[in-house]
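Next comes run-v5.cif, a file with mmCIF, C-alpha atoms and all ligand atoms.
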data_start
loop_
_atom_site.group_PDB
_atom_site.id
_atom_site.type_symbol
_atom_site.label_atom_id
_atom_site.label_comp_id
_atom_site.auth_asym_id
_atom_site.auth_seq_id
_atom_site.Cartn_x
_atom_site.Cartn_y
_atom_site.Cartn_z
ATOM 1 C CA MET F 1 11.293 37.956 54.365
ATOM 2 C CA ILE F 2 9.333 38.552 57.537
ATOM 3 C CA MET F 3 9.687 35.689 59.918
ATOM 4 C CA GLU F 4 6.874 34.245 61.960
ATOM 5 C CA LYS F 5 6.610 36.036 65.248
ATOM 6 C CA GLU F 6 4.281 36.506 68.136
ATOM 7 C CA ILE F 7 1.989 39.320 67.158
ATOM 8 C CA ALA F 8 -0.159 41.012 69.737
ATOM 9 C CA VAL F 9 -3.853 40.565 69.010
ATOM 10 C CA GLY F 10 -5.828 42.654 71.430
ATOM 11 C CA PRO F 11 -4.535 42.607 74.965
ATOM 12 C CA GLU F 12 -3.092 39.084 74.903
ATOM 13 C CA SER F 13 -0.329 37.806 72.677
ATOM 14 C CA VAL F 14 -1.406 35.140 70.203
ATOM 15 C CA LYS F 15 1.071 32.849 71.902
ATOM 16 C CA GLU F 16 -1.366 32.512 74.809
ATOM 17 C CA LYS F 17 -4.256 31.711 72.473
ATOM 18 C CA LYS F 18 -5.381 28.243 71.599
ATOM 19 C CA VAL F 19 -4.198 26.905 68.242
ATOM 20 C CA ILE F 20 -7.243 25.871 66.199
ATOM 21 C CA ILE F 21 -5.453 24.884 63.006
ATOM 22 C CA ASP F 22 -1.842 23.809 62.839
ATOM 23 C CA ILE F 23 -0.079 23.098 59.555
ATOM 24 C CA LYS F 24 3.568 22.090 59.695
ATOM 25 C CA GLY F 25 5.821 21.407 56.718
ATOM 26 C CA LEU F 26 3.072 20.740 54.184
ATOM 27 C CA TYR F 27 4.215 19.363 50.823
ATOM 28 C CA LYS F 28 2.032 18.576 47.802
ATOM 29 C CA SER F 29 3.120 18.032 44.211
ATOM 30 C CA PHE F 30 1.316 16.950 41.084
ATOM 31 C CA GLY F 31 4.046 15.351 38.986
ATOM 32 C CA GLU F 32 6.643 18.058 38.415
ATOM 33 C CA ASN F 33 4.282 20.764 39.670
ATOM 34 C CA HIS F 34 5.518 21.329 43.232
ATOM 35 C CA VAL F 35 2.638 23.315 44.675
ATOM 36 C CA LEU F 36 3.285 23.285 48.428
ATOM 37 C CA ASN F 37 6.922 23.079 49.510
ATOM 38 C CA GLY F 38 6.890 23.101 53.303
ATOM 39 C CA PHE F 39 4.009 25.448 54.089
ATOM 40 C CA ASN F 40 3.409 26.317 57.764
ATOM 41 C CA MET F 41 0.365 27.995 59.238
ATOM 42 C CA LYS F 42 -1.298 28.405 62.611
ATOM 43 C CA LEU F 43 -4.811 29.755 63.103
ATOM 44 C CA TYR F 44 -5.504 30.913 66.654
ATOM 45 C CA GLU F 45 -8.858 30.868 68.406
ATOM 46 C CA GLY F 46 -11.033 33.854 67.539
ATOM 47 C CA GLU F 47 -8.536 35.138 64.986
ATOM 48 C CA ASN F 48 -9.117 36.466 61.478
ATOM 49 C CA LEU F 49 -6.229 35.140 59.417
ATOM 50 C CA VAL F 50 -5.910 36.093 55.757
ATOM 51 C CA VAL F 51 -3.935 33.976 53.304
ATOM 52 C CA MET F 52 -3.001 35.745 50.098
ATOM 53 C CA GLY F 53 -1.416 34.032 47.126
ATOM 54 C CA LYS F 54 -1.429 34.429 43.355
ATOM 55 C CA SER F 55 -3.828 32.376 41.291
ATOM 56 C CA GLY F 56 -2.500 28.818 41.178
ATOM 57 C CA SER F 57 -0.261 29.270 44.225
ATOM 58 C CA GLY F 58 -1.947 26.400 46.080
ATOM 59 C CA LYS F 59 -4.539 28.022 48.362
ATOM 60 C CA SER F 60 -7.280 25.562 47.397
ATOM 61 C CA VAL F 61 -4.860 22.636 47.644
ATOM 62 C CA MET F 62 -3.994 23.788 51.178
ATOM 63 C CA ILE F 63 -7.697 24.004 52.156
ATOM 64 C CA LYS F 64 -8.370 20.539 50.663
ATOM 65 C CA CYS F 65 -5.511 19.105 52.737
ATOM 66 C CA LEU F 66 -6.987 20.836 55.801
ATOM 67 C CA VAL F 67 -10.380 19.184 55.507
ATOM 68 C CA GLY F 68 -9.108 15.786 54.405
ATOM 69 C CA LEU F 69 -10.238 16.078 50.778
ATOM 70 C CA MET F 70 -6.657 15.714 49.560
ATOM 71 C CA GLU F 71 -3.781 13.756 51.020
ATOM 72 C CA PRO F 72 -0.542 15.706 51.412
ATOM 73 C CA ASP F 73 2.756 14.151 50.285
ATOM 74 C CA LYS F 74 4.301 15.148 53.590
ATOM 75 C CA GLY F 75 3.482 17.279 56.593
ATOM 76 C CA TYR F 76 1.326 17.566 59.670
ATOM 77 C CA VAL F 77 -2.187 18.994 59.597
ATOM 78 C CA SER F 78 -4.280 19.310 62.707
ATOM 79 C CA VAL F 79 -7.702 20.900 63.075
ATOM 80 C CA MET F 80 -9.099 21.476 66.556
ATOM 81 C CA GLU F 81 -6.472 19.119 67.945
ATOM 82 C CA HIS F 82 -7.296 16.290 65.524
ATOM 83 C CA ASP F 83 -4.473 15.004 63.333
ATOM 84 C CA ILE F 84 -6.294 14.863 59.981
ATOM 85 C CA SER F 85 -4.215 11.930 58.699
ATOM 86 C CA THR F 86 -5.571 9.686 61.477
ATOM 87 C CA LEU F 87 -9.290 10.371 60.921
ATOM 88 C CA ASP F 88 -11.644 7.994 59.130
ATOM 89 C CA GLN F 89 -14.465 9.238 56.904
ATOM 90 C CA GLU F 90 -16.996 9.408 59.715
ATOM 91 C CA SER F 91 -14.691 11.390 62.020
ATOM 92 C CA LEU F 92 -13.854 13.735 59.134
ATOM 93 C CA ASP F 93 -17.578 14.347 58.615
ATOM 94 C CA VAL F 94 -18.027 15.176 62.292
ATOM 95 C CA LEU F 95 -15.103 17.588 62.119
ATOM 96 C CA ARG F 96 -16.411 19.227 58.931
ATOM 97 C CA ALA F 97 -19.695 19.972 60.714
ATOM 98 C CA ASP F 98 -17.680 22.398 62.860
ATOM 99 C CA ILE F 99 -16.364 24.212 59.792
ATOM 100 C CA GLY F 100 -18.464 26.670 57.817
ATOM 101 C CA PHE F 101 -17.562 27.348 54.190
ATOM 102 C CA LEU F 102 -18.269 30.454 52.208
ATOM 103 C CA PHE F 103 -17.482 29.361 48.673
ATOM 104 C CA GLN F 104 -16.286 31.596 45.880
ATOM 105 C CA GLY F 105 -19.270 33.154 44.087
ATOM 106 C CA SER F 106 -21.767 32.114 46.820
ATOM 107 C CA ALA F 107 -22.559 28.680 45.274
ATOM 108 C CA LEU F 108 -26.246 28.578 46.171
ATOM 109 C CA TYR F 109 -28.426 25.861 44.646
ATOM 110 C CA ASP F 110 -30.505 27.722 42.076
ATOM 111 C CA SER F 111 -33.392 25.255 42.146
ATOM 112 C CA MET F 112 -33.851 25.546 45.920
ATOM 113 C CA THR F 113 -35.394 28.344 47.960
ATOM 114 C CA VAL F 114 -33.268 30.287 50.430
ATOM 115 C CA ARG F 115 -34.743 28.167 53.226
ATOM 116 C CA GLU F 116 -33.863 24.924 51.416
ATOM 117 C CA ASN F 117 -30.331 26.155 50.749
ATOM 118 C CA LEU F 118 -29.886 26.769 54.464
ATOM 119 C CA GLU F 119 -31.460 23.458 55.428
ATOM 120 C CA PHE F 120 -29.028 21.592 53.181
ATOM 121 C CA PRO F 121 -26.055 21.481 55.617
ATOM 122 C CA MET F 122 -28.485 20.738 58.458
ATOM 123 C CA ARG F 123 -29.616 17.592 56.673
ATOM 124 C CA ARG F 124 -26.062 16.603 55.787
ATOM 125 C CA HIS F 125 -24.844 16.955 59.367
ATOM 126 C CA ARG F 126 -27.904 15.654 61.204
ATOM 127 C CA LYS F 127 -25.697 14.030 63.826
ATOM 128 C CA LYS F 128 -24.411 17.345 65.135
ATOM 129 C CA LEU F 129 -27.875 18.786 65.659
ATOM 130 C CA GLY F 130 -29.742 15.696 66.791
ATOM 131 C CA ASP F 131 -33.437 15.298 66.014
ATOM 132 C CA ILE F 132 -34.927 18.586 64.972
ATOM 133 C CA GLU F 133 -38.608 18.772 64.255
ATOM 134 C CA ASP F 134 -38.657 22.329 63.021
ATOM 135 C CA THR F 135 -35.695 23.868 61.199
ATOM 136 C CA THR F 136 -37.377 27.299 61.023
ATOM 137 C CA PRO F 137 -35.816 28.825 64.168
ATOM 138 C CA PHE F 138 -32.327 27.858 62.922
ATOM 139 C CA VAL F 139 -32.976 29.232 59.452
ATOM 140 C CA MET F 140 -34.494 32.415 60.898
ATOM 141 C CA GLU F 141 -31.598 33.050 63.255
ATOM 142 C CA ALA F 142 -28.979 32.552 60.562
ATOM 143 C CA LEU F 143 -30.871 34.841 58.181
ATOM 144 C CA GLU F 144 -31.344 37.453 60.910
ATOM 145 C CA SER F 145 -27.583 37.443 61.478
ATOM 146 C CA VAL F 146 -27.150 38.628 57.882
ATOM 147 C CA GLY F 147 -30.217 40.896 57.860
ATOM 148 C CA LEU F 148 -32.218 38.825 55.361
ATOM 149 C CA GLU F 149 -34.993 37.189 57.370
ATOM 150 C CA HIS F 150 -37.569 38.325 54.789
ATOM 151 C CA THR F 151 -35.989 36.254 51.991
ATOM 152 C CA MET F 152 -36.669 32.784 53.417
ATOM 153 C CA GLU F 153 -39.105 31.656 50.702
ATOM 154 C CA LEU F 154 -37.400 33.428 47.776
ATOM 155 C CA MET F 155 -35.384 31.745 45.028
ATOM 156 C CA PRO F 156 -31.708 32.725 44.528
ATOM 157 C CA ALA F 157 -32.607 34.242 41.122
ATOM 158 C CA GLU F 158 -34.726 36.814 42.973
ATOM 159 C CA LEU F 159 -31.723 38.055 44.988
ATOM 160 C CA SER F 160 -28.978 40.543 44.115
ATOM 161 C CA GLY F 161 -25.332 39.400 44.092
ATOM 162 C CA GLY F 162 -24.747 40.926 47.540
ATOM 163 C CA MET F 163 -27.866 39.251 48.963
ATOM 164 C CA LYS F 164 -26.769 35.890 47.544
ATOM 165 C CA ARG F 165 -23.414 36.281 49.273
ATOM 166 C CA ARG F 166 -25.199 37.082 52.539
ATOM 167 C CA VAL F 167 -27.428 34.005 52.200
ATOM 168 C CA ALA F 168 -24.275 31.961 51.549
ATOM 169 C CA LEU F 169 -22.850 33.439 54.736
ATOM 170 C CA ALA F 170 -26.016 32.476 56.630
ATOM 171 C CA ARG F 171 -25.619 28.935 55.277
ATOM 172 C CA ALA F 172 -21.992 28.906 56.436
ATOM 173 C CA ILE F 173 -22.996 29.697 60.037
ATOM 174 C CA ILE F 174 -26.173 27.659 60.365
ATOM 175 C CA LEU F 175 -24.404 24.758 62.081
ATOM 176 C CA ARG F 176 -22.711 27.184 64.499
ATOM 177 C CA PRO F 177 -19.220 26.317 63.273
ATOM 178 C CA LYS F 178 -16.098 26.962 65.301
ATOM 179 C CA ILE F 179 -14.138 27.837 62.144
ATOM 180 C CA ILE F 180 -15.225 29.566 58.948
ATOM 181 C CA PHE F 181 -13.275 29.297 55.685
ATOM 182 C CA TYR F 182 -13.940 32.204 53.387
ATOM 183 C CA ASP F 183 -12.855 31.712 49.780
ATOM 184 C CA GLU F 184 -12.681 35.100 48.056
ATOM 185 C CA PRO F 185 -15.620 36.493 50.077
ATOM 186 C CA THR F 186 -15.773 39.782 48.159
ATOM 187 C CA SER F 187 -15.050 38.597 44.604
ATOM 188 C CA GLY F 188 -17.436 39.909 41.988
ATOM 189 C CA LEU F 189 -19.015 42.453 44.348
ATOM 190 C CA ASP F 190 -18.927 46.236 44.014
ATOM 191 C CA PRO F 191 -16.905 48.147 46.664
ATOM 192 C CA ILE F 192 -19.942 49.139 48.756
ATOM 193 C CA THR F 193 -21.392 45.620 48.843
ATOM 194 C CA SER F 194 -17.902 44.232 49.577
ATOM 195 C CA LYS F 195 -17.698 46.548 52.579
ATOM 196 C CA GLU F 196 -21.090 45.309 53.802
ATOM 197 C CA ILE F 197 -19.952 41.690 53.532
ATOM 198 C CA ILE F 198 -16.733 42.446 55.428
ATOM 199 C CA GLU F 199 -18.764 44.157 58.173
ATOM 200 C CA LEU F 200 -21.008 41.096 58.395
ATOM 201 C CA MET F 201 -17.987 38.814 58.644
ATOM 202 C CA ARG F 202 -16.786 40.906 61.566
ATOM 203 C CA SER F 203 -20.158 40.933 63.302
ATOM 204 C CA ILE F 204 -20.518 37.160 62.877
ATOM 205 C CA GLN F 205 -17.093 36.616 64.394
ATOM 206 C CA LYS F 206 -18.080 38.789 67.350
ATOM 207 C CA LYS F 207 -21.462 37.099 67.816
ATOM 208 C CA TYR F 208 -20.299 33.490 67.494
ATOM 209 C CA GLY F 209 -16.601 33.784 68.465
ATOM 210 C CA THR F 210 -15.537 31.901 65.331
ATOM 211 C CA SER F 211 -11.983 31.629 64.045
ATOM 212 C CA SER F 212 -11.708 32.611 60.396
ATOM 213 C CA LEU F 213 -9.397 31.650 57.581
ATOM 214 C CA ILE F 214 -9.916 34.052 54.721
ATOM 215 C CA ILE F 215 -8.484 33.552 51.268
ATOM 216 C CA THR F 216 -8.548 36.716 49.249
ATOM 217 C CA HIS F 217 -6.850 38.788 46.566
ATOM 218 C CA ASP F 218 -8.747 41.846 47.748
ATOM 219 C CA VAL F 219 -6.249 44.125 49.498
ATOM 220 C CA ASP F 220 -9.000 46.247 51.051
ATOM 221 C CA CYS F 221 -10.689 43.151 52.451
ATOM 222 C CA ALA F 222 -7.344 41.937 53.851
ATOM 223 C CA ARG F 223 -6.647 45.332 55.410
ATOM 224 C CA VAL F 224 -10.008 45.623 57.146
ATOM 225 C CA ILE F 225 -10.592 42.051 58.266
ATOM 226 C CA SER F 226 -7.171 40.626 59.088
ATOM 227 C CA GLU F 227 -5.331 40.497 62.338
ATOM 228 C CA ARG F 228 -2.576 38.630 60.525
ATOM 229 C CA ILE F 229 -1.746 37.951 56.887
ATOM 230 C CA ILE F 230 0.281 35.090 55.432
ATOM 231 C CA LEU F 231 1.628 35.470 51.902
ATOM 232 C CA LEU F 232 1.835 32.137 50.107
ATOM 233 C CA VAL F 233 4.625 32.316 47.520
ATOM 234 C CA ASP F 234 6.426 29.388 45.864
ATOM 235 C CA GLY F 235 4.653 26.935 48.142
ATOM 236 C CA VAL F 236 5.810 28.413 51.445
ATOM 237 C CA ASN F 237 4.593 31.038 53.906
ATOM 238 C CA TYR F 238 6.914 33.610 52.364
ATOM 239 C CA ALA F 239 5.936 36.506 54.610
ATOM 240 C CA GLU F 240 3.742 36.952 57.597
ATOM 241 C CA GLY F 241 2.590 39.884 59.685
ATOM 242 C CA SER F 242 -0.123 42.460 60.141
ATOM 243 C CA TYR F 243 -1.273 44.468 57.128
ATOM 244 C CA HIS F 244 0.601 47.510 58.394
ATOM 245 C CA GLU F 245 3.813 45.526 58.851
ATOM 246 C CA LEU F 246 3.620 43.945 55.422
ATOM 247 C CA ILE F 247 2.927 47.124 53.465
ATOM 248 C CA LYS F 248 6.166 48.575 54.848
ATOM 249 C CA SER F 249 8.202 45.653 53.489
ATOM 250 C CA LYS F 250 10.903 46.473 50.928
ATOM 251 C CA ASP F 251 10.723 42.949 49.484
ATOM 252 C CA ALA F 252 9.562 43.073 45.852
ATOM 253 C CA LYS F 253 7.466 39.887 46.130
ATOM 254 C CA VAL F 254 5.688 41.270 49.185
ATOM 255 C CA GLN F 255 5.166 44.677 47.602
ATOM 256 C CA ALA F 256 3.606 43.027 44.538
ATOM 257 C CA PHE F 257 0.645 41.916 46.668
ATOM 258 C CA PHE F 258 -0.212 45.408 47.821
ATOM 259 C CA LYS F 259 0.117 47.304 44.547
ATOM 260 C CA LYS F 260 -3.266 48.561 43.388
HETATM 261 N N1 LIG F 301 -6.177 17.454 41.480
HETATM 262 C C1 LIG F 301 -5.186 18.096 40.886
HETATM 263 N N2 LIG F 301 -4.427 17.496 39.959
HETATM 264 C C2 LIG F 301 -3.401 18.123 39.355
HETATM 265 N N3 LIG F 301 -3.048 19.397 39.624
HETATM 266 C C3 LIG F 301 -3.760 20.061 40.526
HETATM 267 C C4 LIG F 301 -4.872 19.453 41.198
HETATM 268 N N4 LIG F 301 -5.381 20.371 42.072
HETATM 269 C C5 LIG F 301 -4.643 21.490 41.925
HETATM 270 N N5 LIG F 301 -3.677 21.313 41.012
HETATM 271 C C6 LIG F 301 -2.662 22.294 40.627
HETATM 272 O O1 LIG F 301 -2.150 22.884 41.817
HETATM 273 C C7 LIG F 301 -1.851 24.253 41.591
HETATM 274 C C8 LIG F 301 -2.525 25.078 42.687
HETATM 275 O O2 LIG F 301 -3.924 25.057 42.492
HETATM 276 P P1 LIG F 301 -4.942 25.760 43.484
HETATM 277 O O3 LIG F 301 -6.303 25.488 42.933
HETATM 278 O O4 LIG F 301 -4.656 25.363 44.868
HETATM 279 O O5 LIG F 301 -4.583 27.299 43.296
HETATM 280 P P2 LIG F 301 -5.232 28.570 44.012
HETATM 281 O O6 LIG F 301 -4.117 29.277 44.708
HETATM 282 O O7 LIG F 301 -6.395 28.143 44.821
HETATM 283 O O8 LIG F 301 -5.710 29.414 42.745
HETATM 284 P P3 LIG F 301 -6.985 30.406 42.526
HETATM 285 O O9 LIG F 301 -6.665 31.663 43.300
HETATM 286 O O10 LIG F 301 -6.948 30.643 41.043
HETATM 287 O O11 LIG F 301 -8.202 29.697 42.985
HETATM 288 C C9 LIG F 301 -2.296 24.587 40.189
HETATM 289 O O12 LIG F 301 -1.158 24.559 39.347
HETATM 290 C C10 LIG F 301 -3.244 23.450 39.841
HETATM 291 O O13 LIG F 301 -3.218 23.194 38.464
#

Will you turn the file into structure tokens for me?
Ligand SMILES: Nc1ncnc2c1ncn2[C@@H]1O[C@H](COP(=O)(O)OP(=O)(O)OP(=O)(O)O)[C@@H](O)[C@H]1O
Amino acid sequence: MIMEKEIAVGPESVKEKKVIIDIKGLYKSFGENHVLNGFNMKLYEGENLVVMGKSGSGKSVMIKCLVGLMEPDKGYVSVMEHDISTLDQESLDVLRADIGFLFQGSALYDSMTVRENLEFPMRRHRKKLGDIEDTTPFVMEALESVGLEHTMELMPAELSGGMKRRVALARAIILRPKIIFYDEPTSGLDPITSKEIIELMRSIQKKYGTSSLIITHDVDCARVISERIILLVDGVNYAEGSYHELIKSKDAKVQAFFKK
């Protein structure tokens, strides 16, 4: 097992970086199904952190605990220095406006145009943006960031799978979030389109300075995008390190993740 350590990210050590998300000793069970058994995780400012875990290992449960959609049995969860357990619904909503989500399979509303899909989070989090008379500049900028400014009035059905994912990415950044959660960002895409999405994720991080938590089974995605990877096994952060550190591991459970 690789223990947590201070890994150099760029010129500074992550130890000097601000902690954006802090999870300590997270436990969650459903009856006899003990999903999280003392999971720990830190996401540092500006970092791309990948969490890998088998299907059913508790990645979604962990994310739900992070955004206050599920109450842990035990443990400490803080996001941008807010202890989640102390926040009321209104404060949680304010916090969520600083988090962009890229859901598995894009999750666009089929009956809405691209513009309407992007306006959706703007309406939901009106407080963050204040009174806006014209949403067009916001929609345009987000679409430009993913190279799809010409699709504003199209319906999702008129877009390819890769374009839908890019629109979903534009929707994730429209509120200028400080953190983006990516849930399987490359699932269902061919290798070339996956590469394009990963490149966009990198360019968005550079442009907006976001911190990213990426959940993926895609080893290539993890290799290219991650500065650090956490392997979630049996409800704990079983191993942690850079891609190149982890692929050298002799541990069978770690190796299983990187077999193609
Ligand atoms: N609300 C719930 N009630 C009961 N069991 C639940 C609930 N939510 C999740 N679980 C259980 O928790 C376990 C972890 O589920 P979770 O959805 O977090 O897995 P995952 O790692 O995200 O999987 P996948 O990669 O397939 O999305 C599963 O056994 C699931 O059945």

Open item on the list: What's the separation between atom CA of Asp134 of chain F and atom CA of Glu119 of chain F, in Å to one decimal place?
Closed with: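 Separating atom CA of Asp134 of chain F from atom CA of Glu119 of chain F is a distance of 10.5 Å.
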
TODO: Run through the PyMOL selection byres (((chain F and resi 25) around 7) and not hetatm) on the given coordinates and return the selected residues as a ChimeraX atom specification.
DONE: /F:23-24,26-27,38-40,75-76

How would you report the residues lying within 6 Å of ligand LIG 301 (chain F), as a PDB file with C-alpha atoms, in the coordinates of the input, if you count only C-alpha atoms and all ligand atoms?
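Produced file selection_34.pdb, reproduced below:
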ATOM      1  CA  PHE F  30       1.316  16.950  41.084  1.00  0.00           C
ATOM      2  CA  VAL F  35       2.638  23.315  44.675  1.00  0.00           C
ATOM      3  CA  GLY F  53      -1.416  34.032  47.126  1.00  0.00           C
ATOM      4  CA  LYS F  54      -1.429  34.429  43.355  1.00  0.00           C
ATOM      5  CA  SER F  55      -3.828  32.376  41.291  1.00  0.00           C
ATOM      6  CA  GLY F  56      -2.500  28.818  41.178  1.00  0.00           C
ATOM      7  CA  SER F  57      -0.261  29.270  44.225  1.00  0.00           C
ATOM      8  CA  GLY F  58      -1.947  26.400  46.080  1.00  0.00           C
ATOM      9  CA  LYS F  59      -4.539  28.022  48.362  1.00  0.00           C
ATOM     10  CA  SER F  60      -7.280  25.562  47.397  1.00  0.00           C
ATOM     11  CA  VAL F  61      -4.860  22.636  47.644  1.00  0.00           C
TER      12      VAL F  61
END

Task: Reference answer for the PyMOL selection byres (((chain F and resi 226-242) around 9) and not hetatm), as a PyMOL selection string - done: chain F and resi 1-5+7+9+25-28+34-41+47-54+57-59+214+221-225+243-247+253-254+257

Could you give me the axis-aligned bounding box of segment 196-202 of chain F, with 3 Å of padding per side, as centre plus edge lengths in Å to one decimal, as lines of an AutoDock Vina configuration file?
center_x = -18.9
center_y = 42.1
center_z = 57.5
size_x = 10.4
size_y = 12.5
size_z = 14.0

Hey, which bits of segment 80-155 of chain F sit within 10 Å of segment 162-183 of chain F, and for each residue what's the closest pair of atoms and how far apart in Å (one decimal), counting all atoms listed in the file, rows by chain and increasing number, as a tab-separated table?
residue	atom	partner	partner_atom	distance
F:Met80	CA	F:Lys178	CA	9.0
F:Leu95	CA	F:Pro177	CA	9.7
F:Arg96	CA	F:Pro177	CA	8.8
F:Ala97	CA	F:Leu175	CA	6.9
F:Asp98	CA	F:Pro177	CA	4.2
F:Ile99	CA	F:Ile179	CA	4.9
F:Gly100	CA	F:Ala172	CA	4.4
F:Phe101	CA	F:Phe181	CA	4.9
F:Leu102	CA	F:Tyr182	CA	4.8
F:Phe103	CA	F:Asp183	CA	5.3
F:Gln104	CA	F:Asp183	CA	5.2
F:Gly105	CA	F:Arg165	CA	7.3
F:Ser106	CA	F:Arg165	CA	5.1
F:Ala107	CA	F:Ala168	CA	7.3
F:Leu108	CA	F:Ala168	CA	6.7
F:Val114	CA	F:Val167	CA	7.1
F:Arg115	CA	F:Arg171	CA	9.4
F:Glu116	CA	F:Arg171	CA	9.9
F:Asn117	CA	F:Arg171	CA	7.1
F:Leu118	CA	F:Arg171	CA	4.9
F:Glu119	CA	F:Arg171	CA	8.0
F:Phe120	CA	F:Arg171	CA	8.4
F:Pro121	CA	F:Leu175	CA	7.4
F:Met122	CA	F:Leu175	CA	6.8
F:His125	CA	F:Leu175	CA	8.3
F:Arg126	CA	F:Leu175	CA	9.8
F:Lys128	CA	F:Leu175	CA	8.0
F:Leu129	CA	F:Leu175	CA	7.8
F:Phe138	CA	F:Ile174	CA	6.7
F:Val139	CA	F:Ile174	CA	7.0
F:Met140	CA	F:Ala170	CA	9.5
F:Glu141	CA	F:Ile174	CA	8.2
F:Ala142	CA	F:Ala170	CA	4.9
F:Leu143	CA	F:Ala170	CA	5.6
F:Glu144	CA	F:Ala170	CA	8.5
F:Ser145	CA	F:Ala170	CA	7.1
F:Val146	CA	F:Arg166	CA	5.9
F:Gly147	CA	F:Arg166	CA	8.2
F:Leu148	CA	F:Val167	CA	7.5
F:Glu149	CA	F:Val167	CA	9.7
F:Thr151	CA	F:Val167	CA	8.9
F:Met152	CA	F:Val167	CA	9.4
F:Met155	CA	F:Lys164	CA	9.9

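Pairwise distance (atom CA of Thr216 of chain F, atom CA of Met70 of chain F) equals 21.1 Å.
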
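Going from atom CA of Leu87 of chain F to atom CA of Tyr208 of chain F covers 26.4 Å.
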
TODO: Find the residue from F:Ile21, F:Ala157, F:Met112, F:Ile63 that sits nearest to Val79 of chain F; use only C-alpha atoms when measuring.
DONE: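 That would be F:Ile21, the residue with the smallest distance to Val79 of chain F.
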